[in-house]
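Structure file entry.txt (compact mmCIF, C-alpha atoms and all ligand atoms) follows.
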```txt
# COMPACT_ATOMS: atom_id res chain seq x y z
CA MET G 296 24.86 18.55 80.99
CA LYS G 297 27.79 20.41 82.51
CA PHE G 298 30.31 22.19 80.25
CA LEU G 299 33.74 23.19 81.52
CA ILE G 300 34.89 25.81 79.01
CA THR G 301 38.47 27.12 79.07
CA GLY G 302 39.12 30.58 77.62
CA GLY G 303 35.47 31.55 77.99
CA ALA G 304 36.36 35.20 78.53
CA GLY G 305 38.04 35.41 75.13
CA PHE G 306 36.58 36.33 71.76
CA ILE G 307 35.34 32.89 70.63
CA GLY G 308 34.99 31.41 74.12
CA SER G 309 32.62 34.18 75.19
CA ALA G 310 30.49 33.56 72.08
CA VAL G 311 30.34 29.85 73.00
CA VAL G 312 29.40 30.62 76.62
CA ARG G 313 26.68 33.09 75.54
CA HIS G 314 25.38 30.57 72.99
CA ILE G 315 25.13 27.71 75.50
CA ILE G 316 23.61 29.77 78.33
CA GLN G 317 21.13 31.55 76.06
CA ASN G 318 20.05 28.61 73.86
CA THR G 319 20.31 25.47 75.99
CA GLU G 320 19.60 24.26 79.51
CA HIS G 321 23.23 23.32 80.20
CA GLU G 322 25.42 24.56 83.02
CA VAL G 323 28.74 26.27 82.20
CA LEU G 324 31.93 26.71 84.21
CA ASN G 325 34.17 29.26 82.50
CA VAL G 326 37.82 28.65 83.41
CA ASP G 327 39.95 31.59 82.34
CA LYS G 328 43.19 33.14 83.54
CA LEU G 329 42.11 36.59 82.32
CA THR G 330 45.18 37.49 80.33
CA TYR G 331 45.08 40.73 78.33
CA ALA G 332 42.70 38.86 75.95
CA GLY G 333 40.23 37.84 78.64
CA ASN G 334 37.37 40.28 79.12
CA LEU G 335 34.50 39.56 81.48
CA GLU G 336 32.64 42.54 80.03
CA SER G 337 31.98 40.29 77.02
CA LEU G 338 29.90 38.09 79.34
CA ILE G 339 27.72 40.71 81.04
CA SER G 340 24.62 39.29 79.33
CA VAL G 341 25.06 35.93 81.11
CA ALA G 342 27.13 36.82 84.19
CA ASP G 343 24.22 36.67 86.64
CA HIS G 344 22.64 33.57 85.17
CA PRO G 345 22.33 30.75 87.74
CA ARG G 346 23.71 28.23 85.20
CA TYR G 347 26.88 30.29 84.60
CA HIS G 348 29.96 30.05 86.84
CA PHE G 349 33.42 31.56 86.55
CA SER G 350 36.82 30.63 87.93
CA GLN G 351 39.92 32.73 87.34
CA THR G 352 42.36 29.86 86.85
CA ASP G 353 45.47 29.25 84.77
CA ILE G 354 45.22 26.00 82.79
CA CYS G 355 48.90 25.39 83.61
CA ASP G 356 47.93 25.00 87.30
CA ARG G 357 47.24 21.26 87.60
CA ALA G 358 46.20 21.31 91.26
CA ALA G 359 43.64 24.05 90.60
CA LEU G 360 42.31 22.13 87.58
CA ASP G 361 41.94 18.93 89.63
CA GLN G 362 39.91 20.83 92.22
CA LEU G 363 37.65 22.35 89.53
CA PHE G 364 37.01 18.94 87.95
CA SER G 365 36.25 17.41 91.30
CA ASP G 366 33.89 20.21 92.36
CA PHE G 367 32.10 20.79 89.03
CA GLN G 368 32.03 17.22 87.62
CA PRO G 369 31.83 18.21 83.95
CA ASP G 370 30.37 16.05 81.18
CA VAL G 371 32.12 18.03 78.45
CA VAL G 372 35.36 20.02 78.33
CA MET G 373 35.60 22.61 75.56
CA HIS G 374 39.20 23.82 75.43
CA LEU G 375 39.59 27.29 73.92
CA ALA G 376 42.13 28.89 76.27
CA ALA G 377 45.19 29.88 74.29
CA GLU G 378 47.53 32.62 73.33
CA SER G 379 45.98 33.40 69.96
CA HIS G 380 47.76 36.29 68.21
CA VAL G 381 50.38 35.44 65.58
CA ASP G 382 52.23 38.79 65.86
CA ARG G 383 52.65 38.35 69.63
CA SER G 384 53.95 34.81 69.06
CA ILE G 385 56.68 36.25 66.85
CA SER G 386 57.81 38.85 69.38
CA GLY G 387 57.37 36.59 72.45
CA PRO G 388 56.86 32.89 71.78
CA PHE G 389 57.29 31.60 75.35
CA ALA G 390 53.75 32.35 76.54
CA PHE G 391 52.52 30.33 73.54
CA ILE G 392 54.64 27.34 74.51
CA GLU G 393 53.45 27.61 78.11
CA THR G 394 49.72 27.99 77.60
CA ASN G 395 49.13 26.28 74.28
CA ILE G 396 51.40 23.27 74.84
CA ILE G 397 52.01 22.87 78.59
CA GLY G 398 48.56 24.19 79.47
CA THR G 399 46.89 21.76 77.07
CA TYR G 400 49.00 18.95 78.53
CA GLN G 401 47.93 19.86 82.09
CA LEU G 402 44.29 20.06 81.05
CA LEU G 403 44.53 16.69 79.29
CA GLU G 404 46.03 15.10 82.39
CA ALA G 405 43.44 16.65 84.70
CA SER G 406 40.72 15.45 82.31
CA ARG G 407 42.20 11.96 82.10
CA SER G 408 42.45 11.64 85.85
CA TYR G 409 38.85 12.82 86.35
CA TRP G 410 37.56 10.70 83.45
CA GLY G 411 39.30 7.63 84.89
CA SER G 412 37.34 8.11 88.12
CA LEU G 413 33.93 8.09 86.42
CA ALA G 414 31.56 5.13 86.28
CA GLU G 415 31.27 3.40 82.86
CA LYS G 416 28.26 5.44 81.72
CA GLY G 417 29.90 8.76 82.58
CA LYS G 418 33.16 7.63 81.00
CA ALA G 419 31.43 6.78 77.72
CA ALA G 420 29.53 10.08 77.64
CA PHE G 421 32.52 12.32 78.52
CA ARG G 422 33.99 14.52 75.76
CA PHE G 423 37.18 16.55 75.53
CA HIS G 424 36.74 19.02 72.66
CA HIS G 425 39.93 20.72 71.53
CA ILE G 426 39.39 23.95 69.60
CA SER G 427 42.14 24.58 67.07
CA THR G 428 42.99 26.52 63.98
CA ASP G 429 43.46 26.06 60.24
CA GLU G 430 46.90 27.65 60.63
CA VAL G 431 48.31 24.23 61.64
CA TYR G 432 48.05 23.19 57.98
CA GLY G 433 50.41 25.96 56.83
CA ASP G 434 50.31 27.97 53.63
CA LEU G 435 48.20 27.27 50.49
CA GLU G 436 50.13 29.83 48.43
CA GLY G 437 49.96 29.29 44.68
CA THR G 438 47.29 26.56 44.73
CA THR G 439 43.51 26.36 44.63
CA ASP G 440 43.56 23.58 47.23
CA LEU G 441 41.45 23.65 50.38
CA PHE G 442 42.47 22.35 53.82
CA THR G 443 40.72 19.05 54.58
CA GLU G 444 40.84 17.02 57.77
CA THR G 445 43.62 14.89 56.26
CA THR G 446 45.86 17.73 55.07
CA SER G 447 49.28 17.24 56.66
CA TYR G 448 50.51 19.70 59.25
CA SER G 449 53.02 22.36 58.24
CA PRO G 450 52.77 25.26 60.74
CA SER G 451 54.69 28.46 59.97
CA SER G 452 54.57 30.67 63.07
CA PRO G 453 55.34 30.03 66.74
CA TYR G 454 51.57 30.36 67.31
CA SER G 455 50.59 27.76 64.73
CA ALA G 456 53.43 25.44 65.77
CA SER G 457 52.20 25.58 69.37
CA LYS G 458 48.63 24.85 68.27
CA ALA G 459 49.85 21.97 66.07
CA SER G 460 51.69 20.58 69.06
CA SER G 461 48.56 20.76 71.22
CA ASP G 462 46.50 19.04 68.50
CA HIS G 463 49.01 16.18 68.45
CA LEU G 464 48.89 15.85 72.24
CA VAL G 465 45.09 15.69 72.21
CA ARG G 466 45.02 12.96 69.53
CA ALA G 467 47.74 11.03 71.38
CA TRP G 468 45.67 11.10 74.59
CA ASN G 469 42.81 9.58 72.59
CA ARG G 470 44.86 6.83 70.99
CA THR G 471 47.06 6.00 73.96
CA TYR G 472 44.72 6.45 76.91
CA GLY G 473 41.30 6.24 75.21
CA LEU G 474 40.27 9.75 76.35
CA PRO G 475 37.16 10.56 74.25
CA VAL G 476 38.30 13.60 72.26
CA VAL G 477 37.03 15.56 69.27
CA VAL G 478 39.12 18.20 67.48
CA THR G 479 38.02 21.15 65.37
CA ASN G 480 40.21 23.31 63.13
CA CYS G 481 38.65 26.61 62.12
CA SER G 482 39.45 29.51 59.84
CA ASN G 483 39.63 33.23 60.77
CA ASN G 484 36.77 34.39 62.96
CA TYR G 485 35.39 37.92 63.12
CA GLY G 486 32.45 39.57 64.86
CA PRO G 487 31.43 41.28 68.12
CA TYR G 488 33.77 41.39 71.16
CA HIS G 489 36.92 40.82 69.03
CA PHE G 490 40.05 42.24 70.68
CA PRO G 491 41.36 45.11 68.53
CA GLU G 492 44.78 43.63 67.85
CA LYS G 493 43.28 41.45 65.09
CA LEU G 494 42.78 42.75 61.55
CA ILE G 495 39.04 43.51 61.40
CA PRO G 496 38.43 45.22 64.77
CA LEU G 497 41.77 47.05 64.51
CA MET G 498 40.81 48.50 61.14
CA ILE G 499 37.31 49.51 62.29
CA LEU G 500 38.54 51.29 65.42
CA ASN G 501 41.61 52.88 63.81
CA ALA G 502 39.48 54.26 60.98
CA LEU G 503 36.93 55.74 63.41
CA GLN G 504 39.80 57.51 65.21
CA GLY G 505 41.44 58.72 62.00
CA LYS G 506 44.49 56.53 62.58
CA ALA G 507 46.53 54.71 59.92
CA LEU G 508 45.18 51.35 58.67
CA PRO G 509 48.36 49.20 58.62
CA VAL G 510 48.24 46.65 55.80
CA TYR G 511 51.09 44.12 56.00
CA GLY G 512 53.11 43.70 52.77
CA ASN G 513 50.98 44.01 49.66
CA GLY G 514 47.70 43.10 51.38
CA GLN G 515 47.06 40.22 48.97
CA GLN G 516 47.18 37.51 51.65
CA ILE G 517 43.95 35.54 51.74
CA ARG G 518 42.00 34.48 54.82
CA ASP G 519 38.73 32.49 54.93
CA TRP G 520 36.40 34.46 57.21
CA LEU G 521 33.73 33.01 59.52
CA PHE G 522 31.31 34.98 61.71
CA VAL G 523 32.06 34.08 65.33
CA GLU G 524 28.46 33.15 66.21
CA ASP G 525 28.45 30.63 63.35
CA HIS G 526 31.64 29.15 64.83
CA ALA G 527 30.06 29.00 68.31
CA ARG G 528 27.09 27.04 66.90
CA ALA G 529 29.44 24.68 65.07
CA LEU G 530 31.47 24.06 68.23
CA TYR G 531 28.36 23.20 70.22
CA VAL G 532 27.25 20.76 67.52
CA VAL G 533 30.66 19.06 67.49
CA ALA G 534 30.91 18.93 71.31
CA THR G 535 27.50 17.27 71.58
CA GLN G 536 27.26 15.23 68.37
CA GLY G 537 30.81 14.79 67.07
CA VAL G 538 32.21 11.28 66.76
CA VAL G 539 34.99 10.46 69.22
CA GLY G 540 38.44 10.55 67.65
CA GLU G 541 37.25 12.61 64.67
CA THR G 542 38.41 16.00 63.42
CA TYR G 543 36.05 18.55 61.86
CA ASN G 544 37.22 21.52 59.80
CA ILE G 545 35.07 24.63 60.20
CA GLY G 546 35.01 27.50 57.74
CA GLY G 547 32.80 30.02 56.04
CA HIS G 548 33.77 29.64 52.35
CA ASN G 549 34.64 33.35 52.40
CA GLU G 550 38.10 33.71 50.95
CA LYS G 551 39.08 37.38 50.87
CA ALA G 552 42.35 39.24 50.34
CA ASN G 553 43.22 41.44 53.34
CA LEU G 554 43.16 44.60 51.24
CA ASP G 555 39.63 43.79 50.04
CA VAL G 556 38.54 43.29 53.64
CA VAL G 557 39.97 46.68 54.62
CA HIS G 558 38.24 48.35 51.65
CA ALA G 559 34.94 46.69 52.58
CA ILE G 560 35.26 48.04 56.14
CA CYS G 561 36.01 51.53 54.82
CA GLN G 562 32.97 51.40 52.54
CA LEU G 563 30.68 50.33 55.39
CA LEU G 564 32.03 53.11 57.58
CA GLU G 565 31.39 55.69 54.82
CA GLU G 566 27.72 54.62 55.05
CA LEU G 567 27.35 53.97 58.79
CA ALA G 568 29.72 56.59 60.24
CA PRO G 569 29.85 59.41 57.68
CA ASN G 570 31.02 62.00 60.23
CA LYS G 571 34.75 61.40 59.99
CA PRO G 572 37.54 62.76 62.18
CA GLU G 573 38.73 66.19 61.04
CA GLY G 574 40.93 66.20 57.96
CA ILE G 575 39.82 62.78 56.67
CA GLN G 576 38.06 62.84 53.30
CA PHE G 577 37.66 59.07 52.77
CA TYR G 578 38.38 56.31 55.29
CA GLN G 579 40.33 54.40 52.66
CA ASP G 580 42.86 57.24 52.48
CA LEU G 581 44.07 55.97 55.86
CA ILE G 582 45.35 52.70 54.33
CA THR G 583 49.11 52.47 54.90
CA TYR G 584 51.32 49.67 53.63
CA VAL G 585 53.72 48.52 56.33
CA LYS G 586 56.48 45.93 56.67
CA ASP G 587 55.21 42.38 56.17
CA ARG G 588 54.77 39.89 59.03
CA PRO G 589 57.79 37.51 59.13
CA GLY G 590 56.86 34.07 57.77
CA HIS G 591 53.46 35.42 56.70
CA ASP G 592 51.21 32.68 55.28
CA VAL G 593 49.74 33.84 51.97
CA ARG G 594 46.54 31.83 51.77
CA TYR G 595 44.26 29.78 54.01
CA ALA G 596 41.01 28.15 52.86
CA ILE G 597 38.89 25.51 54.55
CA ASP G 598 36.90 22.65 53.07
CA ALA G 599 33.98 22.48 55.53
CA SER G 600 32.09 19.73 53.72
CA LYS G 601 32.59 17.06 56.41
CA ILE G 602 30.87 18.96 59.22
CA LYS G 603 28.04 19.83 56.82
CA ALA G 604 27.56 16.26 55.60
CA GLU G 605 27.99 14.51 58.95
CA LEU G 606 26.64 16.99 61.49
CA GLY G 607 24.43 19.25 59.34
CA TRP G 608 26.20 22.50 60.27
CA VAL G 609 26.36 25.37 57.77
CA PRO G 610 27.13 29.03 58.43
CA GLU G 611 24.17 31.44 58.58
CA GLU G 612 26.07 34.66 57.79
CA SER G 613 27.66 35.62 54.50
CA PHE G 614 30.76 37.81 54.74
CA GLU G 615 28.67 40.82 53.70
CA THR G 616 25.96 40.35 56.36
CA GLY G 617 28.49 39.39 59.05
CA LEU G 618 30.79 42.32 58.37
CA ARG G 619 27.89 44.77 58.45
CA LYS G 620 26.73 43.34 61.80
CA THR G 621 30.29 43.60 63.10
CA VAL G 622 30.78 47.25 62.10
CA GLU G 623 27.36 48.11 63.53
CA TRP G 624 28.28 46.32 66.78
CA TYR G 625 31.48 48.33 67.22
CA LEU G 626 29.59 51.55 66.48
CA SER G 627 26.94 50.85 69.09
CA ASN G 628 29.05 49.25 71.85
CA THR G 629 31.22 52.23 72.65
CA GLU G 630 31.51 51.41 76.35
CA TRP G 631 33.02 47.96 75.66
CA VAL G 632 35.39 49.57 73.16
CA GLN G 633 36.37 52.41 75.50
CA HIS G 634 37.09 50.02 78.37
CA VAL G 635 39.27 47.85 76.12
CA GLN G 636 41.16 50.84 74.79
CA SER G 637 41.70 52.39 78.23
CA GLY G 638 42.60 49.06 79.87
CA GLU G 639 39.67 49.48 82.30
CA TYR G 640 38.26 46.07 81.30
CA GLN G 641 41.06 44.39 83.24
CA SER G 642 40.52 46.17 86.52
CA TRP G 643 36.75 46.48 86.72
CA LEU G 644 34.74 43.28 86.43
CA SER G 645 37.69 40.97 86.98
CA THR G 646 38.06 42.23 90.55
CA GLN G 647 34.46 41.20 91.29
CA TYR G 648 35.42 37.54 90.87
CA GLN G 649 38.71 37.35 92.77
CA GLY G 650 38.84 34.64 95.39
P1 LIG G 701 41.42 35.04 72.59
O1 LIG G 701 42.84 35.42 72.61
O2 LIG G 701 40.38 36.07 72.28
O3 LIG G 701 41.00 34.40 74.00
C1 LIG G 701 41.81 33.48 74.66
C2 LIG G 701 41.27 33.33 76.09
O4 LIG G 701 42.09 32.36 76.76
C3 LIG G 701 41.33 34.62 76.90
O5 LIG G 701 40.13 34.80 77.61
C4 LIG G 701 42.49 34.38 77.86
O6 LIG G 701 42.35 35.06 79.09
C5 LIG G 701 42.43 32.87 78.04
N1 LIG G 701 43.72 32.29 78.43
C6 LIG G 701 44.94 32.52 77.86
N2 LIG G 701 45.88 31.83 78.51
C7 LIG G 701 45.26 31.14 79.51
C8 LIG G 701 45.70 30.24 80.50
N3 LIG G 701 46.99 29.92 80.64
N4 LIG G 701 44.78 29.70 81.33
C9 LIG G 701 43.46 30.02 81.22
N5 LIG G 701 43.00 30.89 80.31
C10 LIG G 701 43.88 31.44 79.46
O7 LIG G 701 41.32 33.81 71.58
P2 LIG G 701 40.15 33.46 70.54
O8 LIG G 701 40.39 34.21 69.30
O9 LIG G 701 38.86 33.52 71.23
O10 LIG G 701 40.54 31.93 70.25
C11 LIG G 701 40.03 30.89 71.09
C12 LIG G 701 40.58 29.57 70.60
O11 LIG G 701 40.18 29.35 69.26
C13 LIG G 701 42.11 29.48 70.62
O12 LIG G 701 42.46 28.20 71.02
C14 LIG G 701 42.50 29.72 69.17
O13 LIG G 701 43.70 29.07 68.87
C15 LIG G 701 41.32 29.12 68.44
N6 LIG G 701 41.02 29.70 67.11
C16 LIG G 701 40.89 31.05 66.96
C17 LIG G 701 40.51 31.57 65.72
C18 LIG G 701 40.32 33.05 65.50
O14 LIG G 701 40.13 33.48 64.36
N7 LIG G 701 40.33 33.88 66.52
C19 LIG G 701 40.31 30.71 64.63
C20 LIG G 701 40.47 29.33 64.83
C21 LIG G 701 40.81 28.84 66.09
O1 LIG G 702 43.23 31.23 60.67
C1 LIG G 702 42.83 31.21 62.01
C2 LIG G 702 43.65 32.20 62.81
O2 LIG G 702 43.17 33.49 62.47
C3 LIG G 702 43.54 31.97 64.31
O3 LIG G 702 44.07 30.72 64.64
C4 LIG G 702 44.28 33.07 65.08
O4 LIG G 702 44.10 32.89 66.47
C5 LIG G 702 43.71 34.40 64.65
O5 LIG G 702 44.42 35.45 65.29
C6 LIG G 702 43.79 34.56 63.14
O6 LIG G 702 45.17 34.66 62.73
P1 LIG G 702 45.64 35.71 61.60
O7 LIG G 702 47.07 35.95 61.76
O8 LIG G 702 45.13 35.30 60.26
O9 LIG G 702 44.76 36.99 62.08
P2 LIG G 702 45.12 38.54 62.13
O10 LIG G 702 43.84 39.26 62.39
O11 LIG G 702 46.28 38.82 63.01
O12 LIG G 702 45.57 38.85 60.63
C7 LIG G 702 44.71 38.60 59.53
C8 LIG G 702 45.48 38.97 58.29
O13 LIG G 702 45.63 40.39 58.25
C9 LIG G 702 46.89 38.39 58.22
O14 LIG G 702 47.18 38.06 56.87
C10 LIG G 702 47.78 39.53 58.70
C11 LIG G 702 47.02 40.76 58.23
N1 LIG G 702 47.16 41.98 59.07
C12 LIG G 702 46.90 41.85 60.40
C13 LIG G 702 46.97 42.95 61.23
C14 LIG G 702 46.71 42.82 62.71
C15 LIG G 702 47.45 43.19 58.50
O15 LIG G 702 47.66 43.31 57.28
N2 LIG G 702 47.53 44.29 59.31
C16 LIG G 702 47.31 44.21 60.66
O16 LIG G 702 47.43 45.25 61.37
```
Show how you would write the structure in this file as structure tokens.
Ligand code: NAD
Ligand code: DAU
Amino acid sequence: MKFLITGGAGFIGSAVVRHIIQNTEHEVLNVDKLTYAGNLESLISVADHPRYHFSQTDICDRAALDQLFSDFQPDVVMHLAAESHVDRSISGPFAFIETNIIGTYQLLEASRSYWGSLAEKGKAAFRFHHISTDEVYGDLEGTTDLFTETTSYSPSSPYSASKASSDHLVRAWNRTYGLPVVVTNCSNNYGPYHFPEKLIPLMILNALQGKALPVYGNGQQIRDWLFVEDHARALYVVATQGVVGETYNIGGHNEKANLDVVHAICQLLEELAPNKPEGIQFYQDLITYVKDRPGHDVRYAIDASKIKAELGWVPEESFETGLRKTVEWYLSNTEWVQHVQSGEYQSWLSTQYQG
């Protein structure tokens, strides 16, 4: 089968691309604009594989998408390209409207046009898999509820509102035009190749450099953490076995308060990186409480029982094993880290693929 994957140079997309190239016989076309979040150095392990292809393309560019569909003839579209960082959506929402809403619309239309041109067998087999977030459901503050596939939408941030909008578009294209779609909504991912603007990699790298560990508000906000490679496996299962028109929630049953996550990282670093920067006695002394994120959701938690019951997916990593692997990865992949921190990742490999 042929997989057209948008956002394959990002954190989760690159895990999906690596998973498919390394564990299946499928062909992959990675379609990515290479924004600040796109990093081809996360794909070095598969870059030369004959079943892997890359196109630096903006999903808002309909003509370019049409050409890619026509040339590659995908069986499955996995749509991960997005602006993904809540803080950036607060300071600059427009890019989120453009990519997450308009870009999804353009990709849906390109998919619909291509799908309409297929013979009946190809039409029936085609899948458009939209990868979304649990943040569309809003805030579970003050309850013990879990998000299910029927929880109503109540997004809080420009990011989550843009993702909610794209989810609605995808479902409308199924109902109105019959495009065979599946949707997944997942909780917070963590793991290797995570851009260090997000909580876990930021804390690991700041601590190693003796910088402050900025905890928003009181640090009691709860996220439900899933190791990225577990998510990549789940996405492949849904893309290949999910029922058309269905939604699957994906999560790790790992609810943790942010402050506990930061303490766990500090503890692991005490063990794995005991030689601290000068003047630092304990990593946890670097914890600094800072102004809270506006509109900050207090708690997210996913009920992942549907994907387990219907598709047999369960996570392999616990939070403890996954976090240890993650800290170890950042300690032993210093070149990837250095290139991200210096900005070199945007000028090195990306230039190899221009044109
Ligand atoms: P990311 O920010 O790491 O990567 C996004 C990728 O999309 C980058 O490679 C970027 O270059 C590309 N991109 C951005 N705009 C583009 C455009 N206009 N055209 C083509 N490519 C473009 O994001 P991520 O954390 O890997 O998230 C991937 C998807 O999963 C997103 O849709 C996100 O909403 C969703 N999601 C993320 C999480 C999480 O915890 N990170 C959880 C649930 C769902
Ligand atoms: O729930 C899924 C979502 O998880 C995805 O849809 C998003 O793409 C992804 O970025 C993530 O969103 P969050 O806002 O939860 O992730 P972030 O890593 O930015 O923050 C996690 C928590 O940590 C959140 O409560 C804010 C807090 N935080 C974050 C940063 C960057 C801090 O306290 N300090 C920080 O410096």
Exercise answer, 8 Å around ligand LIG 701 (chain G) with all atoms listed in the file, as a ChimeraX atom specification: /G:301-309,326-334,351-355,374-380,393-395,398,425-430,458,480-485,489-490
Cut-off 8 Å, only C-alpha atoms and all ligand atoms, neighbours of ligand LIG 702 (chain G) as a PyMOL selection string: chain G and resi 378-382+427-430+454-455+481-484+492-495+497-498+508-512+514+516-519+553-554+587-588+591-593+595
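Restricting the calculation to all atoms listed in the file, the smallest distance between G:Ala596 and any of G:Met373, G:Ile545, G:Ala420, G:Val632 is found for G:Ile545.
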Contacts of G:Lys297 at 12 Å or less, counting all atoms listed in the file, minus same-chain residues fewer than 5 places along, as a PDB file with C-alpha atoms, in the frame of the given file?
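Writing done, so here's result.pdb:
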```pdb
ATOM      1  CA  VAL G 312      29.400  30.620  76.620  1.00  0.00           C
ATOM      2  CA  ILE G 315      25.130  27.710  75.500  1.00  0.00           C
ATOM      3  CA  ILE G 316      23.610  29.770  78.330  1.00  0.00           C
ATOM      4  CA  THR G 319      20.310  25.470  75.990  1.00  0.00           C
ATOM      5  CA  GLU G 320      19.600  24.260  79.510  1.00  0.00           C
ATOM      6  CA  HIS G 321      23.230  23.320  80.200  1.00  0.00           C
ATOM      7  CA  GLU G 322      25.420  24.560  83.020  1.00  0.00           C
ATOM      8  CA  VAL G 323      28.740  26.270  82.200  1.00  0.00           C
ATOM      9  CA  LEU G 324      31.930  26.710  84.210  1.00  0.00           C
ATOM     10  CA  ASN G 325      34.170  29.260  82.500  1.00  0.00           C
ATOM     11  CA  ARG G 346      23.710  28.230  85.200  1.00  0.00           C
ATOM     12  CA  TYR G 347      26.880  30.290  84.600  1.00  0.00           C
ATOM     13  CA  HIS G 348      29.960  30.050  86.840  1.00  0.00           C
ATOM     14  CA  PHE G 364      37.010  18.940  87.950  1.00  0.00           C
ATOM     15  CA  ASP G 366      33.890  20.210  92.360  1.00  0.00           C
ATOM     16  CA  PHE G 367      32.100  20.790  89.030  1.00  0.00           C
ATOM     17  CA  GLN G 368      32.030  17.220  87.620  1.00  0.00           C
ATOM     18  CA  PRO G 369      31.830  18.210  83.950  1.00  0.00           C
ATOM     19  CA  ASP G 370      30.370  16.050  81.180  1.00  0.00           C
ATOM     20  CA  VAL G 371      32.120  18.030  78.450  1.00  0.00           C
ATOM     21  CA  VAL G 372      35.360  20.020  78.330  1.00  0.00           C
ATOM     22  CA  MET G 373      35.600  22.610  75.560  1.00  0.00           C
ATOM     23  CA  GLY G 417      29.900   8.760  82.580  1.00  0.00           C
ATOM     24  CA  ALA G 420      29.530  10.080  77.640  1.00  0.00           C
ATOM     25  CA  PHE G 421      32.520  12.320  78.520  1.00  0.00           C
ATOM     26  CA  ARG G 422      33.990  14.520  75.760  1.00  0.00           C
ATOM     27  CA  ALA G 534      30.910  18.930  71.310  1.00  0.00           C
ATOM     28  CA  THR G 535      27.500  17.270  71.580  1.00  0.00           C
TER      29      THR G 535
END
```
How far is it from atom CA of G:Ser637 to atom CA of G:Trp624, in Å with one decimal?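 If I compute the distance from atom CA of G:Ser637 to atom CA of G:Trp624, I get 18.7 Å.
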The distance between atom CA of G:Asp525 and atom CA of G:Pro610 is 5.3 Å
So which residues touch G:Pro572 within 10 Å, counting all atoms listed in the file, skipping near sequence neighbours fewer than 5 positions away, as a list in words?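 Counting all atoms listed in the file, the residues come to Ala502, Leu503, Gln504, Gly505, Lys506 and Tyr578 of chain G.
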Atom CA of G:Tyr531 to atom CA of G:His314, distance in Å rounded to a single decimal: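 About the pair atom CA of G:Tyr531 and atom CA of G:His314: they are 8.4 Å apart.
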